[in-house]
Amino acid sequence: MPPQKHTAPPPHTAEEGRKKKSIHLFTDSEVFSLKMDDEYQKLIRRMNPPRVVIDNESCKNATVIQVDSANKQGILLEVVQILTDLNLMITKAYICSDGGWFMDVFNVTDHDGNKITDEGILDYIEKSLGPDSCFASSMRRSVGVKSESNHTAIELTGTDRPGLLSEVSAVLAHLKCNVVNAEVWTHNTRAAAVMQVTDETTGGPIADQERLTTVKRLLCNVLKGSNKSREAKTVVSHGSTHTERRLHQMMFDDRDYERMDGEDDSSDRPSVNVVNWNDKDYSVVTIRCKDRPKLLFDIVCTLTDMQYVVFHGNVEAPGPEAYQEYCIRHIDGSPVKSDAERQRVVQCLEAAIQRRVSEGLKLELCTTDRVGLLSDVTRIFRENSLTVTRAEVTTRAGKAVNTFYVRDASGYPVDPKIIDSIRQTIGQTILRVKGTPEESNQAPQESPTRFLFGGLFKSRSFCNFGLVRSYS
């Protein structure tokens with residue numbers, strides 16, 4: 001969205017403020033101007049309420065969703081986020097937000113390639129994007145923020161290494177913190193995690209500030225490890241943001257997009273190009289890569305967080321490959337100004353695409369939740385020389401439903417015998433292998449950790465575990 005004359009420049013983020021060690025104090029006239037701008041935006045939305053049209057007739061293989069609305073900063077990300085949070089596949093999109101109006105069309109399907117016919121989902125889309133939501137949207141949370149008080153949120157960033165998730169979860173279990181939800185990403189030697197934990201005793205957020213300080217200190221020591229060249233961060237709060245967007249922001253702030261010296265170009269790297277369209281003062285970004293769920297969200301999220309505005313866009317995903325094209329400007333109204341800025345945009349978009357690409361063998365665990373479960377499972381992986389490259393931990397009605405992507409810590413293919421042994425230890429019905437050919441027919445071998453972990457999932461006790469204490 002081009003900057004309007006009546007719009008005040010956006011304030012620096014808290015992180016930028018800390019880096020620059022400066023504070024901007026608004027004058028009375030600036031505060032008045034900001035209030036007037038907000039009232040003006042509300043007036044525009046009352047006069048031009050958003051309109052959502054859902055069409056299941058005009059396209060034979062997708063549901064067409066058209067969104068028309070008064071334009072505002074971040075609206076494209078908000079719309080895409082709502083659709084992707086419903087696990088919808090966006091197969092085609094046309095984006096136009098030039099001027100004061102936002103007009104987008106999305107072709108969506110479910111994961112099986114079918115149209116969306118569930119009335120509950122269709123009704124949710126209309127209510128989330130239609131006129132009933134617009135006034136709350138301007139006054140409520142920023143895009144992606146969820147105000148919750150039933151858990152404590154922990155954000156972690158640091159250098160990735162084998163066994164890191166095991167060490168982190170062991171510390172939390174030792175401090176009687178139950179991990180109810182978590183998402184962990186690794187990319188380019190960096191790791192980031194957003195964890196939601198509760199107190200073992202109360203089942204609610206952790207209120208003791210001294211205990212929270214201990215949690216932060218021990219986790220930060222674990223993240224630092226022996227690597228003193230890169231910073232590790234631990235942040236604790238009683239709310240939470242949209243987890244996936246926050247992970248993108250955390251890894252971006254941690255500069256995971258910077259390539260290591262001597263890194264070879266990979267044939268799996270996405271193709272990202274940025275050229276300037278001088279006649280229109282746009283920078284044109286073209287992306288060609290393997291299609292996957294939430295690809296559009298990852299790209300729009302990164303462009304938004306880098307403070308670029310998408311004025312026009314075209315997304316096509318007819319098969320295994322996706323093609324995307326965007327006309328963008330920086331929030332200050334200028335196109336990409338230099339080769340260095342162009343290279344940074346390319347690297348950041350490549351990183352955004354690759355962060356969610358899951359490397360390794362997919363394992364799914366489903367069992368009754370309890371304090372220490374994540375620590376126990378990841379320790380079994382570590383004892384069997386498996387490293388977790390990505391993890392999703394959820395709790396539903398007292399059941400833990402966890403997904404892990406694992407690789408051999410030495411870089412070799414995962415030995416099917418090790419997987420069979422781990423499944424024998426944990427339980428064949430509790431831990432399943434997903435997305436792989438038929439399992440090995442060889443008889444499972446005795447696990448080196450069989451004696452230590454035998455019967456682990458038949459009992460709620462884990463008093464025999466030697467928890468990580470070396471970081472205290």
# chains A, B, ... in the order shown; residues from 1 in each chain; ligands from 1

call {"tool": "residues_around", "arguments": {"residues": "Arg329 of chain A", "least_positions_apart": "3", "cutoff": "12 Å", "atoms": "only C-alpha atoms", "output": "ChimeraX atom specification"}}
result
/A:1-3,97-98,274-278,280-285,303-304,306-312,326,332-337,342,345

call {"tool": "write_last_selection", "arguments": {"atoms": "N, CA and C atoms", "output": "compact mmCIF listing (two decimals), in the first residue's frame"}}
result
# COMPACT_ATOMS: atom_id res chain seq x y z
N MET A 1 0.84 -1.18 0.00
CA MET A 1 0.00 0.00 0.00
C MET A 1 0.87 1.23 0.00
N PRO A 2 0.71 2.16 -0.93
CA PRO A 2 1.56 3.34 -0.96
C PRO A 2 1.28 4.22 0.23
N PRO A 3 2.31 4.88 0.76
CA PRO A 3 2.09 5.72 1.93
C PRO A 3 1.18 6.89 1.61
N SER A 97 -3.85 -4.52 -4.83
CA SER A 97 -4.12 -3.58 -3.74
C SER A 97 -3.52 -2.22 -4.07
N ASP A 98 -3.58 -1.85 -5.34
CA ASP A 98 -3.05 -0.57 -5.76
C ASP A 98 -4.08 0.52 -5.47
N VAL A 274 14.72 -10.81 -8.47
CA VAL A 274 14.16 -9.49 -8.20
C VAL A 274 14.71 -8.52 -9.24
N VAL A 275 13.81 -7.89 -10.00
CA VAL A 275 14.20 -6.88 -10.99
C VAL A 275 13.30 -5.67 -10.81
N ASN A 276 13.79 -4.52 -11.21
CA ASN A 276 13.00 -3.29 -11.07
C ASN A 276 12.23 -2.99 -12.35
N TRP A 277 10.96 -2.63 -12.19
CA TRP A 277 10.12 -2.19 -13.29
C TRP A 277 10.08 -0.67 -13.19
N ASN A 278 11.03 -0.04 -13.86
CA ASN A 278 11.27 1.39 -13.66
C ASN A 278 10.09 2.26 -14.07
N LYS A 280 7.02 1.79 -13.64
CA LYS A 280 5.96 1.78 -12.63
C LYS A 280 6.50 1.96 -11.21
N ASP A 281 7.82 2.08 -11.07
CA ASP A 281 8.44 2.18 -9.75
C ASP A 281 8.12 0.99 -8.86
N TYR A 282 8.02 -0.19 -9.47
CA TYR A 282 7.86 -1.43 -8.73
C TYR A 282 9.15 -2.23 -8.80
N SER A 283 9.34 -3.10 -7.83
CA SER A 283 10.29 -4.20 -7.95
C SER A 283 9.47 -5.46 -8.16
N VAL A 284 9.84 -6.26 -9.16
CA VAL A 284 9.10 -7.46 -9.51
C VAL A 284 9.85 -8.67 -8.97
N VAL A 285 9.21 -9.42 -8.09
CA VAL A 285 9.78 -10.63 -7.49
C VAL A 285 9.15 -11.84 -8.15
N LEU A 303 7.74 -11.04 3.30
CA LEU A 303 7.70 -9.72 2.66
C LEU A 303 7.12 -8.67 3.61
N THR A 304 6.07 -9.05 4.34
CA THR A 304 5.46 -8.11 5.29
C THR A 304 6.42 -7.75 6.41
N MET A 306 9.59 -7.81 6.33
CA MET A 306 10.69 -7.01 5.79
C MET A 306 10.21 -5.61 5.38
N GLN A 307 8.93 -5.33 5.64
CA GLN A 307 8.32 -4.02 5.38
C GLN A 307 8.22 -3.71 3.89
N TYR A 308 7.87 -4.74 3.11
CA TYR A 308 7.52 -4.55 1.71
C TYR A 308 6.02 -4.74 1.55
N VAL A 309 5.44 -3.98 0.63
CA VAL A 309 4.00 -4.03 0.36
C VAL A 309 3.78 -4.64 -1.02
N VAL A 310 2.88 -5.61 -1.10
CA VAL A 310 2.54 -6.25 -2.37
C VAL A 310 1.38 -5.47 -3.00
N PHE A 311 1.61 -4.93 -4.19
CA PHE A 311 0.58 -4.18 -4.90
C PHE A 311 -0.16 -5.05 -5.91
N HIS A 312 0.55 -5.93 -6.56
CA HIS A 312 -0.05 -6.87 -7.51
C HIS A 312 0.65 -8.20 -7.34
N TYR A 326 5.25 -11.07 -7.84
CA TYR A 326 4.75 -9.97 -7.03
C TYR A 326 5.36 -8.65 -7.48
N ASP A 332 8.14 2.66 2.48
CA ASP A 332 8.37 4.09 2.26
C ASP A 332 8.04 4.52 0.83
N GLY A 333 7.56 3.58 0.00
CA GLY A 333 7.13 3.89 -1.36
C GLY A 333 8.17 3.67 -2.43
N SER A 334 9.35 3.22 -2.05
CA SER A 334 10.43 3.05 -3.03
C SER A 334 10.60 1.59 -3.43
N PRO A 335 11.04 1.33 -4.68
CA PRO A 335 11.39 -0.04 -5.07
C PRO A 335 12.74 -0.40 -4.45
N VAL A 336 13.21 -1.61 -4.75
CA VAL A 336 14.53 -2.03 -4.28
C VAL A 336 15.59 -1.09 -4.85
N LYS A 337 16.45 -0.58 -3.99
CA LYS A 337 17.34 0.51 -4.39
C LYS A 337 18.75 0.08 -4.76
N ARG A 342 18.70 -6.02 -3.00
CA ARG A 342 18.13 -7.07 -3.86
C ARG A 342 18.60 -8.45 -3.40
N VAL A 345 16.80 -9.50 -0.22
CA VAL A 345 15.43 -9.95 -0.47
C VAL A 345 15.45 -11.39 -0.99

call {"tool": "residues_around", "arguments": {"residues": "Asp85 of chain A", "least_positions_apart": "5", "cutoff": "10 Å", "atoms": "only C-alpha atoms", "output": "list in words"}}
result
Val80, His242, Glu244, Lys294 and Phe297 of chain A

call {"tool": "atom_distance", "arguments": {"atom1": "atom CA of Asp369 of chain A", "atom2": "atom CA of Thr389 of chain A"}}
result
22.3 Å

call {"tool": "closest_residue", "arguments": {"among": "A:Asp279, A:Gly113, A:Leu76, A:Met89", "to": "Lys60 of chain A", "atoms": "only C-alpha atoms"}}
result
A:Gly113

call {"tool": "closest_residue", "arguments": {"among": "A:Ala391, A:Leu374, A:Val197, A:Ala352", "to": "Trp185 of chain A", "atoms": "only C-alpha atoms"}}
result
A:Ala391

call {"tool": "closest_residue", "arguments": {"among": "A:Asn273, A:Arg288, A:Thr378, A:Cys177", "to": "Asp339 of chain A", "atoms": "only C-alpha atoms"}}
result
A:Asn273

call {"tool": "decode", "arguments": {"residues": "segment 383-422 of chain A", "atoms": "N, CA and C atoms", "output": "PDB file, in the first residue's frame"}}
result
ATOM      1  N   GLU A 383      19.522 -41.009  22.312  1.00  0.00           N
ATOM      2  CA  GLU A 383      20.286 -42.201  22.686  1.00  0.00           C
ATOM      3  C   GLU A 383      20.486 -43.129  21.491  1.00  0.00           C
ATOM      4  N   ASN A 384      19.631 -43.001  20.487  1.00  0.00           N
ATOM      5  CA  ASN A 384      19.756 -43.828  19.286  1.00  0.00           C
ATOM      6  C   ASN A 384      20.330 -43.042  18.106  1.00  0.00           C
ATOM      7  N   SER A 385      21.024 -41.947  18.403  1.00  0.00           N
ATOM      8  CA  SER A 385      21.759 -41.150  17.407  1.00  0.00           C
ATOM      9  C   SER A 385      20.855 -40.538  16.348  1.00  0.00           C
ATOM     10  N   LEU A 386      19.637 -40.152  16.740  1.00  0.00           N
ATOM     11  CA  LEU A 386      18.734 -39.447  15.845  1.00  0.00           C
ATOM     12  C   LEU A 386      18.644 -37.986  16.288  1.00  0.00           C
ATOM     13  N   THR A 387      18.655 -37.082  15.330  1.00  0.00           N
ATOM     14  CA  THR A 387      18.491 -35.667  15.623  1.00  0.00           C
ATOM     15  C   THR A 387      17.185 -35.168  15.021  1.00  0.00           C
ATOM     16  N   VAL A 388      16.486 -34.310  15.732  1.00  0.00           N
ATOM     17  CA  VAL A 388      15.192 -33.787  15.301  1.00  0.00           C
ATOM     18  C   VAL A 388      15.412 -32.514  14.488  1.00  0.00           C
ATOM     19  N   THR A 389      14.947 -32.514  13.234  1.00  0.00           N
ATOM     20  CA  THR A 389      15.094 -31.337  12.375  1.00  0.00           C
ATOM     21  C   THR A 389      13.870 -30.436  12.416  1.00  0.00           C
ATOM     22  N   ARG A 390      12.730 -30.995  12.799  1.00  0.00           N
ATOM     23  CA  ARG A 390      11.505 -30.212  12.924  1.00  0.00           C
ATOM     24  C   ARG A 390      10.533 -30.974  13.800  1.00  0.00           C
ATOM     25  N   ALA A 391       9.740 -30.250  14.589  1.00  0.00           N
ATOM     26  CA  ALA A 391       8.798 -30.923  15.482  1.00  0.00           C
ATOM     27  C   ALA A 391       7.552 -30.083  15.663  1.00  0.00           C
ATOM     28  N   GLU A 392       6.414 -30.761  15.783  1.00  0.00           N
ATOM     29  CA  GLU A 392       5.137 -30.132  16.111  1.00  0.00           C
ATOM     30  C   GLU A 392       4.523 -30.913  17.261  1.00  0.00           C
ATOM     31  N   VAL A 393       4.289 -30.229  18.362  1.00  0.00           N
ATOM     32  CA  VAL A 393       3.762 -30.859  19.568  1.00  0.00           C
ATOM     33  C   VAL A 393       2.412 -30.233  19.880  1.00  0.00           C
ATOM     34  N   THR A 394       1.371 -31.040  19.980  1.00  0.00           N
ATOM     35  CA  THR A 394       0.036 -30.534  20.313  1.00  0.00           C
ATOM     36  C   THR A 394      -0.596 -31.431  21.367  1.00  0.00           C
ATOM     37  N   THR A 395      -1.513 -30.841  22.134  1.00  0.00           N
ATOM     38  CA  THR A 395      -2.272 -31.591  23.134  1.00  0.00           C
ATOM     39  C   THR A 395      -3.746 -31.357  22.883  1.00  0.00           C
ATOM     40  N   ARG A 396      -4.491 -32.435  22.704  1.00  0.00           N
ATOM     41  CA  ARG A 396      -5.918 -32.350  22.423  1.00  0.00           C
ATOM     42  C   ARG A 396      -6.670 -33.253  23.379  1.00  0.00           C
ATOM     43  N   ALA A 397      -7.458 -32.642  24.240  1.00  0.00           N
ATOM     44  CA  ALA A 397      -8.292 -33.388  25.184  1.00  0.00           C
ATOM     45  C   ALA A 397      -7.485 -34.426  25.959  1.00  0.00           C
ATOM     46  N   GLY A 398      -6.323 -34.009  26.458  1.00  0.00           N
ATOM     47  CA  GLY A 398      -5.493 -34.900  27.261  1.00  0.00           C
ATOM     48  C   GLY A 398      -4.632 -35.852  26.472  1.00  0.00           C
ATOM     49  N   LYS A 399      -4.704 -35.792  25.142  1.00  0.00           N
ATOM     50  CA  LYS A 399      -3.893 -36.651  24.281  1.00  0.00           C
ATOM     51  C   LYS A 399      -2.763 -35.836  23.648  1.00  0.00           C
ATOM     52  N   ALA A 400      -1.567 -36.385  23.687  1.00  0.00           N
ATOM     53  CA  ALA A 400      -0.428 -35.766  23.012  1.00  0.00           C
ATOM     54  C   ALA A 400      -0.368 -36.290  21.589  1.00  0.00           C
ATOM     55  N   VAL A 401      -0.385 -35.364  20.622  1.00  0.00           N
ATOM     56  CA  VAL A 401      -0.275 -35.721  19.205  1.00  0.00           C
ATOM     57  C   VAL A 401       0.942 -34.982  18.672  1.00  0.00           C
ATOM     58  N   ASN A 402       2.036 -35.692  18.529  1.00  0.00           N
ATOM     59  CA  ASN A 402       3.319 -35.069  18.190  1.00  0.00           C
ATOM     60  C   ASN A 402       3.855 -35.603  16.864  1.00  0.00           C
ATOM     61  N   THR A 403       4.468 -34.707  16.089  1.00  0.00           N
ATOM     62  CA  THR A 403       5.104 -35.086  14.830  1.00  0.00           C
ATOM     63  C   THR A 403       6.575 -34.687  14.884  1.00  0.00           C
ATOM     64  N   PHE A 404       7.448 -35.626  14.532  1.00  0.00           N
ATOM     65  CA  PHE A 404       8.885 -35.370  14.523  1.00  0.00           C
ATOM     66  C   PHE A 404       9.461 -35.738  13.158  1.00  0.00           C
ATOM     67  N   TYR A 405      10.384 -34.918  12.673  1.00  0.00           N
ATOM     68  CA  TYR A 405      11.186 -35.262  11.509  1.00  0.00           C
ATOM     69  C   TYR A 405      12.602 -35.497  12.007  1.00  0.00           C
ATOM     70  N   VAL A 406      13.115 -36.708  11.783  1.00  0.00           N
ATOM     71  CA  VAL A 406      14.400 -37.086  12.369  1.00  0.00           C
ATOM     72  C   VAL A 406      15.383 -37.520  11.283  1.00  0.00           C
ATOM     73  N   ARG A 407      16.649 -37.299  11.574  1.00  0.00           N
ATOM     74  CA  ARG A 407      17.737 -37.758  10.725  1.00  0.00           C
ATOM     75  C   ARG A 407      18.799 -38.405  11.593  1.00  0.00           C
ATOM     76  N   ASP A 408      19.641 -39.213  10.976  1.00  0.00           N
ATOM     77  CA  ASP A 408      20.779 -39.767  11.686  1.00  0.00           C
ATOM     78  C   ASP A 408      21.746 -38.631  12.004  1.00  0.00           C
ATOM     79  N   ALA A 409      22.227 -38.574  13.230  1.00  0.00           N
ATOM     80  CA  ALA A 409      23.087 -37.469  13.660  1.00  0.00           C
ATOM     81  C   ALA A 409      24.396 -37.401  12.892  1.00  0.00           C
ATOM     82  N   SER A 410      24.829 -38.521  12.336  1.00  0.00           N
ATOM     83  CA  SER A 410      26.090 -38.544  11.597  1.00  0.00           C
ATOM     84  C   SER A 410      25.917 -38.189  10.133  1.00  0.00           C
ATOM     85  N   GLY A 411      24.675 -38.006   9.696  1.00  0.00           N
ATOM     86  CA  GLY A 411      24.424 -37.645   8.302  1.00  0.00           C
ATOM     87  C   GLY A 411      24.073 -38.809   7.409  1.00  0.00           C
ATOM     88  N   TYR A 412      24.170 -40.032   7.905  1.00  0.00           N
ATOM     89  CA  TYR A 412      23.819 -41.211   7.112  1.00  0.00           C
ATOM     90  C   TYR A 412      22.302 -41.409   7.110  1.00  0.00           C
ATOM     91  N   PRO A 413      21.770 -42.177   6.146  1.00  0.00           N
ATOM     92  CA  PRO A 413      20.338 -42.479   6.159  1.00  0.00           C
ATOM     93  C   PRO A 413      19.944 -43.176   7.460  1.00  0.00           C
ATOM     94  N   VAL A 414      18.730 -42.921   7.903  1.00  0.00           N
ATOM     95  CA  VAL A 414      18.261 -43.530   9.147  1.00  0.00           C
ATOM     96  C   VAL A 414      18.149 -45.041   8.973  1.00  0.00           C
ATOM     97  N   ASP A 415      18.722 -45.775   9.893  1.00  0.00           N
ATOM     98  CA  ASP A 415      18.705 -47.239   9.844  1.00  0.00           C
ATOM     99  C   ASP A 415      17.311 -47.741  10.226  1.00  0.00           C
ATOM    100  N   PRO A 416      16.634 -48.484   9.343  1.00  0.00           N
ATOM    101  CA  PRO A 416      15.293 -48.994   9.680  1.00  0.00           C
ATOM    102  C   PRO A 416      15.286 -49.849  10.942  1.00  0.00           C
ATOM    103  N   LYS A 417      16.402 -50.514  11.236  1.00  0.00           N
ATOM    104  CA  LYS A 417      16.456 -51.343  12.444  1.00  0.00           C
ATOM    105  C   LYS A 417      16.359 -50.479  13.705  1.00  0.00           C
ATOM    106  N   ILE A 418      16.966 -49.289  13.651  1.00  0.00           N
ATOM    107  CA  ILE A 418      16.882 -48.387  14.804  1.00  0.00           C
ATOM    108  C   ILE A 418      15.452 -47.925  15.004  1.00  0.00           C
ATOM    109  N   ILE A 419      14.778 -47.582  13.903  1.00  0.00           N
ATOM    110  CA  ILE A 419      13.386 -47.153  14.006  1.00  0.00           C
ATOM    111  C   ILE A 419      12.519 -48.277  14.562  1.00  0.00           C
ATOM    112  N   ASP A 420      12.724 -49.500  14.079  1.00  0.00           N
ATOM    113  CA  ASP A 420      11.957 -50.639  14.592  1.00  0.00           C
ATOM    114  C   ASP A 420      12.193 -50.831  16.084  1.00  0.00           C
ATOM    115  N   SER A 421      13.445 -50.665  16.510  1.00  0.00           N
ATOM    116  CA  SER A 421      13.775 -50.836  17.918  1.00  0.00           C
ATOM    117  C   SER A 421      13.120 -49.761  18.777  1.00  0.00           C
ATOM    118  N   ILE A 422      13.139 -48.526  18.288  1.00  0.00           N
ATOM    119  CA  ILE A 422      12.511 -47.433  19.029  1.00  0.00           C
ATOM    120  C   ILE A 422      11.007 -47.660  19.133  1.00  0.00           C
TER     121      ILE A 422
END
